[in-house]
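As provided, input_36.cif (mmCIF, C-alpha atoms) reads as follows.
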```cif
data_structure
#
loop_
_atom_site.label_atom_id
_atom_site.label_comp_id
_atom_site.auth_asym_id
_atom_site.auth_seq_id
_atom_site.Cartn_x
_atom_site.Cartn_y
_atom_site.Cartn_z
CA MET A 27 58.69 21.18 -6.63
CA THR A 28 60.04 24.68 -6.97
CA ARG A 29 59.35 27.38 -4.45
CA PHE A 30 60.30 29.96 -7.06
CA ARG A 31 57.49 31.21 -9.23
CA PRO A 32 58.05 29.72 -12.66
CA ALA A 33 57.67 32.02 -15.64
CA GLY A 34 54.48 31.84 -17.69
CA LYS A 35 54.65 30.62 -21.25
CA THR A 36 58.23 30.08 -22.39
CA TYR A 37 59.93 28.88 -25.55
CA VAL A 38 62.34 25.96 -25.34
CA ARG A 39 64.86 25.72 -28.17
CA SER A 40 65.79 22.40 -29.72
CA THR A 41 69.20 20.92 -28.95
CA THR A 42 69.39 19.08 -32.28
CA GLY A 43 72.85 19.35 -33.82
CA TRP A 44 74.22 21.01 -30.65
CA TRP A 45 77.73 19.67 -31.20
CA ARG A 46 78.09 21.36 -34.57
CA LYS A 47 77.43 24.80 -33.10
CA ASN A 48 80.80 25.35 -31.48
CA PRO A 49 84.34 24.19 -32.41
CA HIS A 50 84.88 23.26 -28.77
CA PHE A 51 81.98 20.79 -28.95
CA VAL A 52 83.25 19.35 -32.25
CA ARG A 53 86.64 18.67 -30.61
CA TYR A 54 84.83 17.15 -27.63
CA MET A 55 82.88 14.78 -29.88
CA ILE A 56 86.06 13.74 -31.71
CA ARG A 57 87.70 13.16 -28.33
CA GLU A 58 84.82 10.98 -27.13
CA SER A 59 84.44 9.04 -30.39
CA SER A 60 88.19 8.38 -30.48
CA ALA A 61 87.48 6.00 -27.59
CA VAL A 62 85.75 3.69 -30.10
CA PHE A 63 89.01 3.30 -32.03
CA VAL A 64 90.96 2.89 -28.82
CA SER A 65 88.66 0.06 -27.70
CA ILE A 66 88.64 -1.71 -31.10
CA TYR A 67 92.44 -1.54 -31.08
CA ALA A 68 92.46 -3.00 -27.55
CA LEU A 69 90.20 -5.86 -28.71
CA VAL A 70 92.53 -6.61 -31.65
CA LEU A 71 95.44 -6.75 -29.21
CA LEU A 72 93.42 -8.98 -26.87
CA ALA A 73 92.63 -11.32 -29.79
CA GLY A 74 96.38 -11.57 -30.38
CA LEU A 75 96.95 -12.48 -26.76
CA VAL A 76 94.22 -15.14 -26.86
CA SER A 77 95.60 -16.62 -30.10
CA LEU A 78 99.04 -16.73 -28.47
CA THR A 79 97.66 -18.93 -25.68
CA VAL A 80 95.86 -21.15 -28.23
CA GLY A 81 99.03 -21.99 -30.12
CA GLU A 82 101.51 -21.13 -32.83
CA VAL A 83 99.11 -21.69 -35.75
CA ALA A 84 96.49 -19.38 -34.26
CA PHE A 85 99.11 -16.73 -33.53
CA ASP A 86 100.45 -16.88 -37.10
CA MET A 87 96.89 -16.52 -38.41
CA TRP A 88 96.41 -13.44 -36.23
CA ARG A 89 99.66 -11.97 -37.55
CA ALA A 90 98.61 -12.70 -41.12
CA ALA A 91 95.30 -10.94 -40.49
CA LEU A 92 97.23 -7.88 -39.21
CA ALA A 93 99.18 -7.68 -42.48
CA THR A 94 96.07 -7.32 -44.65
CA PRO A 95 95.47 -3.88 -46.25
CA VAL A 96 92.21 -3.40 -44.30
CA SER A 97 94.04 -3.99 -41.05
CA VAL A 98 96.93 -1.70 -42.00
CA VAL A 99 94.54 1.13 -42.90
CA PHE A 100 92.59 0.59 -39.69
CA HIS A 101 95.76 0.70 -37.61
CA LEU A 102 96.93 3.92 -39.28
CA VAL A 103 93.57 5.58 -38.61
CA ALA A 104 93.47 4.14 -35.09
CA ALA A 105 96.99 5.44 -34.42
CA LEU A 106 95.84 8.98 -35.25
CA PHE A 107 92.81 8.71 -32.98
CA VAL A 108 94.82 7.12 -30.17
CA ALA A 109 97.34 9.98 -30.41
CA TYR A 110 94.52 12.54 -30.25
CA HIS A 111 92.89 10.61 -27.41
CA SER A 112 96.04 10.55 -25.30
CA MET A 113 96.73 14.22 -25.98
CA THR A 114 93.23 15.27 -24.86
CA TRP A 115 93.51 12.86 -21.93
CA PHE A 116 96.46 14.81 -20.57
CA MET A 117 94.81 18.10 -21.44
CA VAL A 118 91.84 17.39 -19.13
CA MET A 119 93.98 15.61 -16.53
CA PRO A 120 94.60 18.69 -14.33
CA LYS A 121 90.82 19.17 -14.04
CA THR A 122 90.42 15.73 -12.50
CA MET A 123 93.13 16.17 -9.87
CA PRO A 124 93.03 17.91 -6.53
CA ASP A 125 94.65 21.34 -6.27
CA LEU A 126 98.35 20.76 -6.77
CA PRO A 127 101.20 23.18 -6.10
CA VAL A 128 102.37 22.84 -9.72
CA SER A 129 100.91 24.54 -12.79
CA PRO A 130 98.19 22.60 -14.70
CA ARG A 131 100.18 23.22 -17.89
CA LEU A 132 103.14 21.36 -16.39
CA ILE A 133 100.94 18.31 -15.67
CA THR A 134 99.62 18.34 -19.25
CA ALA A 135 103.04 18.87 -20.81
CA GLY A 136 104.62 16.27 -18.51
CA GLY A 137 102.00 13.69 -19.44
CA ILE A 138 102.34 14.29 -23.18
CA VAL A 139 106.15 14.21 -23.04
CA ALA A 140 106.07 11.01 -20.94
CA SER A 141 103.72 9.27 -23.38
CA VAL A 142 105.82 10.31 -26.40
CA VAL A 143 109.02 9.08 -24.71
CA MET A 144 107.38 5.78 -23.70
CA SER A 145 106.03 5.24 -27.23
CA MET A 146 109.48 5.88 -28.70
CA LEU A 147 111.08 3.46 -26.21
CA ILE A 148 108.58 0.73 -27.04
CA LEU A 149 109.01 1.37 -30.77
CA TRP A 150 112.80 1.16 -30.40
CA TRP A 151 112.53 -2.04 -28.31
CA ALA A 152 110.14 -3.66 -30.82
CA ALA A 153 112.20 -2.69 -33.88
CA ARG A 154 115.56 -3.64 -32.41
CA MET B 28 96.05 55.13 -32.27
CA SER B 29 92.41 54.76 -33.09
CA ASP B 30 90.12 57.67 -32.42
CA ASP B 31 87.65 56.40 -29.86
CA THR B 32 85.24 59.26 -30.43
CA ALA B 33 84.72 58.24 -34.06
CA THR B 34 81.32 56.73 -34.65
CA ARG B 35 80.85 53.73 -36.88
CA THR B 36 77.73 51.70 -37.52
CA ILE B 37 77.45 48.01 -36.70
CA GLU B 38 74.67 45.55 -37.43
CA ILE B 39 73.22 43.93 -34.31
CA GLU B 40 70.92 40.98 -34.90
CA CYS B 41 68.74 40.21 -31.89
CA LEU B 42 66.60 37.21 -31.19
CA ARG B 43 63.04 38.39 -30.59
CA TYR B 44 60.31 36.35 -28.94
CA CYS B 45 57.06 37.44 -27.39
CA SER B 46 54.97 34.61 -25.99
CA GLU B 47 51.74 36.49 -26.70
CA THR B 48 52.29 37.13 -30.40
CA ASP B 49 55.04 34.77 -31.61
CA ALA B 50 54.78 31.03 -32.16
CA GLU B 51 58.57 30.86 -32.30
CA PRO B 52 61.55 33.21 -32.07
CA ARG B 53 62.69 35.34 -35.01
CA PHE B 54 65.64 37.63 -35.63
CA GLN B 55 65.51 41.38 -35.99
CA THR B 56 68.41 43.47 -37.28
CA TYR B 57 69.30 46.92 -35.96
CA HIS B 58 71.92 49.34 -37.26
CA VAL B 59 73.65 50.78 -34.24
CA PRO B 60 76.16 53.66 -34.19
CA PHE B 61 79.00 52.82 -31.84
CA ARG B 62 82.29 54.15 -30.48
CA ASP B 63 85.34 52.08 -29.64
CA ASP B 64 84.53 52.04 -25.94
CA MET B 65 81.02 50.62 -26.33
CA SER B 66 80.11 47.15 -25.09
CA VAL B 67 77.50 44.87 -26.63
CA LEU B 68 75.31 45.79 -23.66
CA GLN B 69 75.61 49.48 -24.55
CA GLY B 70 74.65 48.55 -28.10
CA LEU B 71 71.49 46.87 -26.78
CA GLN B 72 70.80 49.88 -24.58
CA HIS B 73 71.12 52.14 -27.62
CA ILE B 74 68.54 50.02 -29.42
CA LYS B 75 66.15 50.17 -26.46
CA ASP B 76 66.58 53.92 -25.93
CA HIS B 77 66.65 55.14 -29.54
CA ILE B 78 65.41 52.49 -31.98
CA ASP B 79 63.04 49.94 -30.45
CA GLY B 80 61.78 50.24 -26.88
CA THR B 81 60.21 46.79 -26.96
CA LEU B 82 63.56 44.93 -26.93
CA THR B 83 63.85 43.18 -23.58
CA PHE B 84 67.08 42.13 -21.83
CA ARG B 85 68.48 41.92 -18.31
CA TRP B 86 71.33 44.04 -17.06
CA SER B 87 72.43 45.91 -13.97
CA CYS B 88 76.01 46.75 -13.04
CA ARG B 89 77.67 47.22 -16.48
CA MET B 90 81.00 45.97 -15.09
CA ALA B 91 80.96 42.16 -14.93
CA ILE B 92 80.04 42.02 -11.26
CA CYS B 93 76.29 41.31 -11.13
CA GLY B 94 76.06 38.52 -13.70
CA SER B 95 72.75 39.72 -15.16
CA CYS B 96 73.60 40.36 -18.80
CA GLY B 97 74.72 36.92 -19.97
CA GLN B 98 73.87 36.41 -23.67
CA MET B 99 75.00 34.28 -26.56
CA VAL B 100 77.13 36.70 -28.58
CA ASN B 101 77.82 35.17 -31.99
CA GLY B 102 77.16 31.76 -30.46
CA VAL B 103 79.50 32.17 -27.48
CA PRO B 104 78.19 32.64 -23.92
CA GLN B 105 79.38 36.10 -22.83
CA LEU B 106 78.53 38.88 -20.44
CA ALA B 107 77.23 41.58 -22.81
CA CYS B 108 78.96 44.24 -20.69
CA HIS B 109 82.27 42.41 -20.96
CA THR B 110 82.22 42.14 -24.75
CA PHE B 111 83.03 45.01 -27.09
CA LEU B 112 81.35 45.89 -30.37
CA ARG B 113 84.69 46.98 -31.88
CA ASP B 114 85.90 43.36 -31.74
CA TYR B 115 83.10 42.27 -34.10
CA PHE B 116 83.18 45.20 -36.54
CA PRO B 117 82.96 45.16 -39.56
CA GLY B 118 81.12 41.85 -39.09
CA LYS B 119 77.76 41.78 -37.42
CA VAL B 120 76.85 40.81 -33.90
CA ARG B 121 74.19 38.20 -33.31
CA VAL B 122 72.75 38.32 -29.80
CA GLU B 123 70.64 35.46 -28.47
CA PRO B 124 69.43 34.49 -25.00
CA LEU B 125 71.67 32.02 -23.14
CA ASP B 126 71.48 28.56 -24.66
CA HIS B 127 69.71 25.69 -22.88
CA PHE B 128 67.30 27.90 -20.94
CA PRO B 129 63.63 28.51 -21.78
CA ILE B 130 63.06 31.96 -23.28
CA ILE B 131 60.60 34.20 -21.45
CA ARG B 132 60.91 37.12 -23.82
CA ASP B 133 63.55 38.31 -26.32
CA LEU B 134 66.92 37.93 -24.55
CA VAL B 135 65.48 37.07 -21.14
CA ILE B 136 65.68 33.47 -19.95
CA ASP B 137 63.83 31.59 -17.22
CA GLN B 138 66.35 30.83 -14.47
CA THR B 139 63.99 29.27 -11.90
CA GLY B 140 65.40 25.78 -12.57
CA PHE B 141 68.85 27.04 -11.61
CA LEU B 142 67.58 28.66 -8.42
CA ASP B 143 66.27 25.26 -7.27
CA LYS B 144 69.66 23.67 -7.95
CA LEU B 145 71.52 26.43 -6.16
CA GLU B 146 69.29 25.96 -3.13
CA ALA B 147 69.77 22.19 -3.23
CA VAL B 148 73.54 22.45 -2.69
CA LYS B 149 72.99 24.34 0.59
CA PRO B 150 75.10 27.34 -0.41
CA TYR B 151 75.85 28.48 3.12
CA LEU B 152 78.24 27.50 5.89
CA ILE B 153 77.15 24.52 7.95
CA PRO B 154 79.62 24.75 10.84
CA ARG B 155 81.45 21.68 12.10
CA VAL B 156 80.96 22.86 15.62
CA GLU B 157 78.19 25.27 16.54
CA LYS B 158 79.61 28.00 18.72
CA PRO B 159 77.74 30.66 20.65
CA VAL B 160 78.36 34.20 19.41
CA ALA B 161 80.24 34.91 22.65
CA ALA B 162 82.85 32.30 21.70
CA GLY B 163 84.06 34.53 18.89
CA ALA B 164 84.56 34.13 15.16
CA TYR B 165 85.35 30.94 13.25
CA VAL B 166 88.96 31.60 12.38
CA GLN B 167 90.78 30.40 9.31
CA THR B 168 94.31 30.62 7.96
CA PRO B 169 95.06 32.27 4.60
CA LYS B 170 96.03 28.82 3.30
CA GLN B 171 92.65 27.41 4.30
CA MET B 172 90.92 30.31 2.59
CA GLU B 173 92.92 29.76 -0.56
CA ARG B 174 91.33 26.30 -0.95
CA TYR B 175 87.89 27.71 -1.68
CA TYR B 176 88.44 31.38 -2.60
CA GLN B 177 88.43 30.85 -6.37
CA TYR B 178 85.11 28.95 -6.21
CA SER B 179 83.53 31.68 -4.12
CA GLN B 180 83.90 34.14 -7.02
CA CYS B 181 80.85 32.77 -8.87
CA ILE B 182 78.33 35.47 -9.78
CA ASN B 183 75.60 33.05 -10.99
CA CYS B 184 75.65 34.55 -14.47
CA LEU B 185 74.80 31.11 -15.96
CA LEU B 186 77.27 31.36 -18.83
CA CYS B 187 78.56 27.94 -17.77
CA TYR B 188 75.10 26.39 -18.17
CA ALA B 189 74.87 27.82 -21.67
CA ALA B 190 78.30 26.25 -22.31
CA CYS B 191 77.31 22.83 -20.95
CA PRO B 192 75.82 20.41 -23.52
CA GLN B 193 75.04 17.93 -20.74
CA TYR B 194 72.78 20.51 -19.12
CA GLY B 195 71.24 21.25 -22.52
CA LEU B 196 70.44 17.58 -23.05
CA ASN B 197 69.31 16.93 -19.48
CA PRO B 198 68.00 19.99 -17.62
CA ALA B 199 67.83 17.92 -14.42
CA PHE B 200 71.66 17.94 -14.21
CA ALA B 201 72.72 20.13 -11.28
CA GLY B 202 75.19 21.85 -13.59
CA PRO B 203 78.50 23.72 -13.32
CA ALA B 204 77.72 26.75 -11.15
CA ALA B 205 75.65 24.90 -8.53
CA LEU B 206 78.28 22.15 -8.20
CA ALA B 207 81.14 24.67 -8.10
CA THR B 208 79.29 26.47 -5.32
CA MET B 209 78.85 23.14 -3.55
CA HIS B 210 82.61 22.62 -3.75
CA ARG B 211 83.20 26.15 -2.47
CA TYR B 212 81.50 25.21 0.82
CA ASN B 213 82.87 21.65 0.93
CA ALA B 214 86.39 23.03 0.66
CA ASP B 215 85.86 25.53 3.48
CA SER B 216 87.59 24.48 6.70
CA ARG B 217 84.78 25.99 8.80
CA ASP B 218 82.16 23.84 7.07
CA GLN B 219 81.14 20.20 7.68
CA GLY B 220 82.21 19.67 4.09
CA TRP B 221 81.43 16.68 1.91
CA ILE B 222 79.17 14.92 4.44
CA ALA B 223 76.70 17.82 4.43
CA ARG B 224 76.20 17.78 0.66
CA ARG B 225 77.15 14.28 -0.47
CA ASP B 226 73.56 13.40 -1.46
CA VAL B 227 73.48 16.15 -4.10
CA ALA B 228 76.91 15.20 -5.45
CA ASN B 229 76.28 11.44 -5.49
CA ALA B 230 72.88 11.71 -7.19
CA GLU B 231 72.42 10.75 -10.83
CA GLU B 232 72.03 14.47 -11.59
CA GLY B 233 75.08 15.31 -9.45
CA VAL B 234 78.76 15.24 -10.35
CA TRP B 235 78.35 12.19 -12.63
CA GLY B 236 76.19 14.19 -15.01
CA CYS B 237 79.43 15.89 -16.07
CA THR B 238 81.42 14.35 -18.92
CA LEU B 239 84.22 16.91 -18.73
CA VAL B 240 83.46 18.84 -21.87
CA GLY B 241 85.35 21.61 -20.09
CA TYR B 242 83.81 24.55 -21.94
CA CYS B 243 82.20 25.86 -18.71
CA SER B 244 85.60 26.77 -17.31
CA GLU B 245 86.58 28.51 -20.54
CA VAL B 246 83.57 30.82 -20.65
CA CYS B 247 83.56 31.66 -16.94
CA PRO B 248 84.16 35.43 -16.62
CA LYS B 249 85.37 34.99 -13.04
CA ASP B 250 87.85 32.09 -13.54
CA VAL B 251 85.90 29.89 -11.16
CA ASP B 252 86.80 26.70 -13.06
CA PRO B 253 83.60 24.68 -12.45
CA ALA B 254 84.97 21.69 -14.41
CA HIS B 255 87.77 21.34 -11.87
CA ALA B 256 85.38 21.69 -8.94
CA ILE B 257 83.05 18.98 -10.28
CA ASN B 258 85.72 16.49 -11.26
CA GLN B 259 87.54 16.69 -7.93
CA ASN B 260 84.29 15.63 -6.35
CA LYS B 261 83.97 12.59 -8.59
CA VAL B 262 86.85 11.21 -6.53
CA ASN B 263 84.92 11.88 -3.32
CA SER B 264 81.80 10.31 -4.81
CA THR B 265 83.76 7.20 -5.82
CA ILE B 266 85.14 6.91 -2.29
CA ASP B 267 81.54 7.02 -1.03
CA TYR B 268 80.31 4.50 -3.58
CA PHE B 269 82.85 1.88 -2.56
CA GLY B 270 82.53 2.77 1.11
CA LEU B 271 86.24 3.52 1.29
CA GLY B 272 85.84 6.57 3.53
CA ARG B 273 86.57 4.67 6.73
CA PHE B 274 89.72 3.09 5.28
CA LEU B 275 91.01 6.39 4.02
CA GLY B 276 90.04 8.01 7.28
CA LYS B 277 87.79 10.55 5.66
CA GLY B 278 84.41 11.01 4.11
CA GLY B 279 85.95 12.46 0.99
CA GLY B 280 86.52 16.13 0.35
CA GLU B 281 88.31 16.75 3.61
#
```
Could I get this file's structure written as structure tokens?
Amino acid sequence: MTRFRPAGKTYVRSTTGWWRKNPHFVRYMIRESSAVFVSIYALVLLAGLVSLTVGEVAFDMWRAALATPVSVVFHLVAALFVAYHSMTWFMVMPKTMPDLPVSPRLITAGGIVASVVMSMLILWWAAR
Amino acid sequence: MSDDTATRTIEIECLRYCSETDAEPRFQTYHVPFRDDMSVLQGLQHIKDHIDGTLTFRWSCRMAICGSCGQMVNGVPQLACHTFLRDYFPGKVRVEPLDHFPIIRDLVIDQTGFLDKLEAVKPYLIPRVEKPVAAGAYVQTPKQMERYYQYSQCINCLLCYAACPQYGLNPAFAGPAALATMHRYNADSRDQGWIARRDVANAEEGVWGCTLVGYCSEVCPKDVDPAHAINQNKVNSTIDYFGLGRFLGKGGGE
């Protein structure tokens, strides 16, 4: 397999609890687990869309379910995670793009500003 | 202004492991006198020369060029020569071998697995057109050189592997430095590029082993940015997977 002479007896350290060792890894794990909240939120939204196609009664039931305390708490928590998720999304964005003539910071800042502006616009449109 | 000739004493805690006598690693503490201009490497050298000659570690150039002295310094992958004791004083310094690699002895890790990966990415120019020597050099514009120059700065110090949890969890993953080196050649206008190394990139252990933790690029002492190199190639790999190369008029990475 290897043409390099492997070392004799070695000691392999355990990777248990690796993500607690470094703040960077903790942030990474929060970033990845935030996707769970993002997907549950998407499913809730999808359920609303389905109930809308079923009929008015179903849609009203879905809206009533949204107004329950459990749902309100979930949506507040989910909103925090979604905000963190979108922020980290734009933070890693420059790494996933080809070399561009603009600074990576500009891509990150541009993405975050655009998402904040869009959220505000949607909020204004919904509340109007 | 601090007096850099003043000597203070710092505690250096080293991981010790000897396969012949130890069942598992232990820590040993040394009290090391240091001046403001002393690196962690010089601290280790002081231990070896004056306190305990059995402490084993790799080093060579002392100036962040050779990439031999990578260690975990207080849990962060660092070149020991590029890290200063004064920045840790009055706290202590804990020096461990690079994470995710098997320990041979004390601070020395087994890097044979990496050498295989480096070889697998064919880290040499594979010319598009073979020319006889008489035909002259393969010329390149400064702009073409710029595309790969950053990735050619890798010194194989392996700090990025110690910073990569995916490599820690799956040692078969080709890892940051090998894939950044792959990109260095793929991005070279004189090279065949993506086509020559697509098998390594497309493999399960290739670019898709990366989940963009991004810490590799932060610890790199040469600003190579392996995370960027790997994730650009995910696009090329996707193009391959869906067979889109012929529609886009390229085999990715061109």
Expanded to explicit residues, what is the PyMOL selection byres ((chain B and resi 42-54) around 9) for this file, as a PDB file with C-alpha atoms, in the coordinates of the input?
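Resulting contents of selection.pdb:
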```
ATOM      1  CA  GLY A  34      54.480  31.840 -17.690  1.00  0.00           C
ATOM      2  CA  LYS A  35      54.650  30.620 -21.250  1.00  0.00           C
ATOM      3  CA  THR A  36      58.230  30.080 -22.390  1.00  0.00           C
ATOM      4  CA  TYR A  37      59.930  28.880 -25.550  1.00  0.00           C
TER       5      TYR A  37
ATOM      6  CA  GLU B  40      70.920  40.980 -34.900  1.00  0.00           C
ATOM      7  CA  CYS B  41      68.740  40.210 -31.890  1.00  0.00           C
ATOM      8  CA  GLN B  55      65.510  41.380 -35.990  1.00  0.00           C
ATOM      9  CA  THR B  56      68.410  43.470 -37.280  1.00  0.00           C
ATOM     10  CA  LEU B  82      63.560  44.930 -26.930  1.00  0.00           C
ATOM     11  CA  THR B  83      63.850  43.180 -23.580  1.00  0.00           C
ATOM     12  CA  ARG B 121      74.190  38.200 -33.310  1.00  0.00           C
ATOM     13  CA  VAL B 122      72.750  38.320 -29.800  1.00  0.00           C
ATOM     14  CA  GLU B 123      70.640  35.460 -28.470  1.00  0.00           C
ATOM     15  CA  PRO B 124      69.430  34.490 -25.000  1.00  0.00           C
ATOM     16  CA  ILE B 130      63.060  31.960 -23.280  1.00  0.00           C
ATOM     17  CA  ILE B 131      60.600  34.200 -21.450  1.00  0.00           C
ATOM     18  CA  ARG B 132      60.910  37.120 -23.820  1.00  0.00           C
ATOM     19  CA  ASP B 133      63.550  38.310 -26.320  1.00  0.00           C
ATOM     20  CA  LEU B 134      66.920  37.930 -24.550  1.00  0.00           C
TER      21      LEU B 134
END
```
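Considering only C-alpha atoms, the residue among A:Ser65, A:Thr122, A:Ser141, A:Ser129 positioned nearest to chain B is A:Thr122.
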Quick one, how far is CA of Phe30 in chain A from CA of Pro150 in chain B?
16.4 Å
Hey, which bits of chain B sit within 9 Å of chain A, and for each residue what's the closest pair of atoms and how far apart in Å (one decimal), counting all atoms listed in the file, rows by chain and increasing number, as CSV?
```
residue,atom,partner,partner_atom,distance
B:Tyr44,CA,A:Tyr37,CA,8.2
B:Cys45,CA,A:Thr36,CA,9.0
B:Ser46,CA,A:Lys35,CA,6.2
B:Glu47,CA,A:Lys35,CA,8.5
B:Ala50,CA,A:Tyr37,CA,8.7
B:Glu51,CA,A:Tyr37,CA,7.2
B:Pro52,CA,A:Tyr37,CA,8.0
B:Gly102,CA,A:Asn48,CA,7.4
B:Val103,CA,A:Asn48,CA,8.0
B:Asp126,CA,A:Arg39,CA,8.0
B:His127,CA,A:Arg39,CA,7.2
B:Phe128,CA,A:Val38,CA,6.9
B:Pro129,CA,A:Val38,CA,4.6
B:Ile130,CA,A:Tyr37,CA,4.9
B:Ile131,CA,A:Thr36,CA,4.8
B:Arg132,CA,A:Thr36,CA,7.7
B:Ile136,CA,A:Thr36,CA,8.5
B:Asp137,CA,A:Ala33,CA,6.4
B:Gln138,CA,A:Pro32,CA,8.6
B:Thr139,CA,A:Pro32,CA,6.0
B:Gly140,CA,A:Thr28,CA,7.8
B:Leu142,CA,A:Phe30,CA,7.5
B:Asp143,CA,A:Thr28,CA,6.3
B:Arg174,CA,A:Asp125,CA,8.0
B:Pro192,CA,A:Trp44,CA,7.3
B:Gly195,CA,A:Thr41,CA,6.8
B:Leu196,CA,A:Thr41,CA,6.9
B:Leu239,CA,A:Val118,CA,7.6
B:Val240,CA,A:Tyr54,CA,6.2
B:Gly241,CA,A:Val118,CA,7.8
B:Tyr242,CA,A:His50,CA,7.0
B:Asp252,CA,A:Lys121,CA,8.6
B:Ala254,CA,A:Lys121,CA,6.4
B:His255,CA,A:Lys121,CA,4.3
B:Ala256,CA,A:Lys121,CA,7.9
B:Ile257,CA,A:Thr122,CA,8.4
B:Asn258,CA,A:Thr122,CA,4.9
B:Gln259,CA,A:Thr122,CA,5.5
B:Asn260,CA,A:Thr122,CA,8.7
B:Lys261,CA,A:Thr122,CA,8.2
B:Val262,CA,A:Thr122,CA,8.3
```
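Shortest atom-to-atom contact with Leu75 in chain A among A:Arg89, A:Arg46, A:His101, A:Arg131: A:Arg89, counting all atoms listed in the file.
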Show which residues sit within 8 Å of Ala214 in chain B, as a PyMOL selection string. Count only C-alpha atoms, and ignore same-chain residues fewer than 2 positions away.
chain B and resi 174-175+210-212+216+218+220+280-281
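Note that CA of Ile138 in chain A and CA of Met113 in chain A are 6.3 Å apart.
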Pick out the closest residue to Phe63 in chain A from this set: A:Leu149, A:Leu102, A:Met87, A:Val96. Count only C-alpha atoms.
A:Leu102
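Between CA of Leu68 in chain B and CA of Trp86 in chain B there is a distance of 7.9 Å.
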Axis-aligned box for all listed atoms of range 146-152 of chain A, 5 Å per side, centre and edges in Å to one decimal, as AutoDock Vina command-line options:
```
--center_x 110.7 --center_y 1.1 --center_z -28.5 --size_x 14.2 --size_y 19.5 --size_z 14.6
```
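For the set B:Val135, B:Val166, B:Ala228, B:Ile37, the residue with the smallest atom-to-atom gap to Phe111 in chain B is B:Ile37, counting all atoms listed in the file.
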How would you write, as an MDAnalysis selection string, the residues chosen by the PyMOL selection byres ((chain A and resi 67) around 12) on this structure?
chainID A and resid 60:66 68:74 92 97:98 100:108
Please write the residues picked by the PyMOL selection byres ((chain B and resi 199) around 12) on this file as a list in words.
His127, Phe128, Gly140, Phe141, Asp143, Lys144, Tyr188, Gln193, Tyr194, Gly195, Leu196, Asn197, Pro198, Phe200, Ala201, Gly202, Val227, Ala230, Glu231, Glu232, Gly233, Val234, Gly236 and Cys237 of chain B
Please produce range 137-147 of chain A, completed to N, CA, C and O atoms, as a PDB file, in the coordinates of the input.
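And here is the file that came out, out_7.pdb:
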```pdb
ATOM      1  N   GLY A 137     102.685  14.902 -18.992  1.00  0.00           N
ATOM      2  CA  GLY A 137     102.000  13.690 -19.440  1.00  0.00           C
ATOM      3  C   GLY A 137     102.244  13.413 -20.909  1.00  0.00           C
ATOM      4  O   GLY A 137     102.536  12.270 -21.303  1.00  0.00           O
ATOM      5  N   ILE A 138     102.154  14.462 -21.741  1.00  0.00           N
ATOM      6  CA  ILE A 138     102.340  14.290 -23.180  1.00  0.00           C
ATOM      7  C   ILE A 138     103.781  13.869 -23.481  1.00  0.00           C
ATOM      8  O   ILE A 138     104.021  12.923 -24.233  1.00  0.00           O
ATOM      9  N   VAL A 139     104.741  14.556 -22.823  1.00  0.00           N
ATOM     10  CA  VAL A 139     106.150  14.210 -23.040  1.00  0.00           C
ATOM     11  C   VAL A 139     106.409  12.760 -22.615  1.00  0.00           C
ATOM     12  O   VAL A 139     107.031  11.983 -23.354  1.00  0.00           O
ATOM     13  N   ALA A 140     105.865  12.376 -21.439  1.00  0.00           N
ATOM     14  CA  ALA A 140     106.070  11.010 -20.940  1.00  0.00           C
ATOM     15  C   ALA A 140     105.504   9.987 -21.919  1.00  0.00           C
ATOM     16  O   ALA A 140     106.144   8.961 -22.197  1.00  0.00           O
ATOM     17  N   SER A 141     104.318  10.260 -22.482  1.00  0.00           N
ATOM     18  CA  SER A 141     103.720   9.270 -23.380  1.00  0.00           C
ATOM     19  C   SER A 141     104.501   9.188 -24.702  1.00  0.00           C
ATOM     20  O   SER A 141     104.648   8.105 -25.269  1.00  0.00           O
ATOM     21  N   VAL A 142     105.014  10.329 -25.170  1.00  0.00           N
ATOM     22  CA  VAL A 142     105.820  10.310 -26.400  1.00  0.00           C
ATOM     23  C   VAL A 142     107.111   9.510 -26.162  1.00  0.00           C
ATOM     24  O   VAL A 142     107.476   8.634 -26.954  1.00  0.00           O
ATOM     25  N   VAL A 143     107.761   9.780 -25.027  1.00  0.00           N
ATOM     26  CA  VAL A 143     109.020   9.080 -24.710  1.00  0.00           C
ATOM     27  C   VAL A 143     108.773   7.572 -24.584  1.00  0.00           C
ATOM     28  O   VAL A 143     109.512   6.753 -25.149  1.00  0.00           O
ATOM     29  N   MET A 144     107.698   7.198 -23.879  1.00  0.00           N
ATOM     30  CA  MET A 144     107.380   5.780 -23.700  1.00  0.00           C
ATOM     31  C   MET A 144     107.108   5.106 -25.044  1.00  0.00           C
ATOM     32  O   MET A 144     107.581   3.992 -25.302  1.00  0.00           O
ATOM     33  N   SER A 145     106.343   5.807 -25.916  1.00  0.00           N
ATOM     34  CA  SER A 145     106.030   5.240 -27.230  1.00  0.00           C
ATOM     35  C   SER A 145     107.298   5.010 -28.036  1.00  0.00           C
ATOM     36  O   SER A 145     107.470   3.972 -28.680  1.00  0.00           O
ATOM     37  N   MET A 146     108.211   5.993 -27.961  1.00  0.00           N
ATOM     38  CA  MET A 146     109.480   5.880 -28.700  1.00  0.00           C
ATOM     39  C   MET A 146     110.293   4.706 -28.177  1.00  0.00           C
ATOM     40  O   MET A 146     110.866   3.935 -28.954  1.00  0.00           O
ATOM     41  N   LEU A 147     110.321   4.564 -26.824  1.00  0.00           N
ATOM     42  CA  LEU A 147     111.080   3.460 -26.210  1.00  0.00           C
ATOM     43  C   LEU A 147     110.535   2.117 -26.667  1.00  0.00           C
ATOM     44  O   LEU A 147     111.296   1.215 -27.039  1.00  0.00           O
TER      45      LEU A 147
END
```
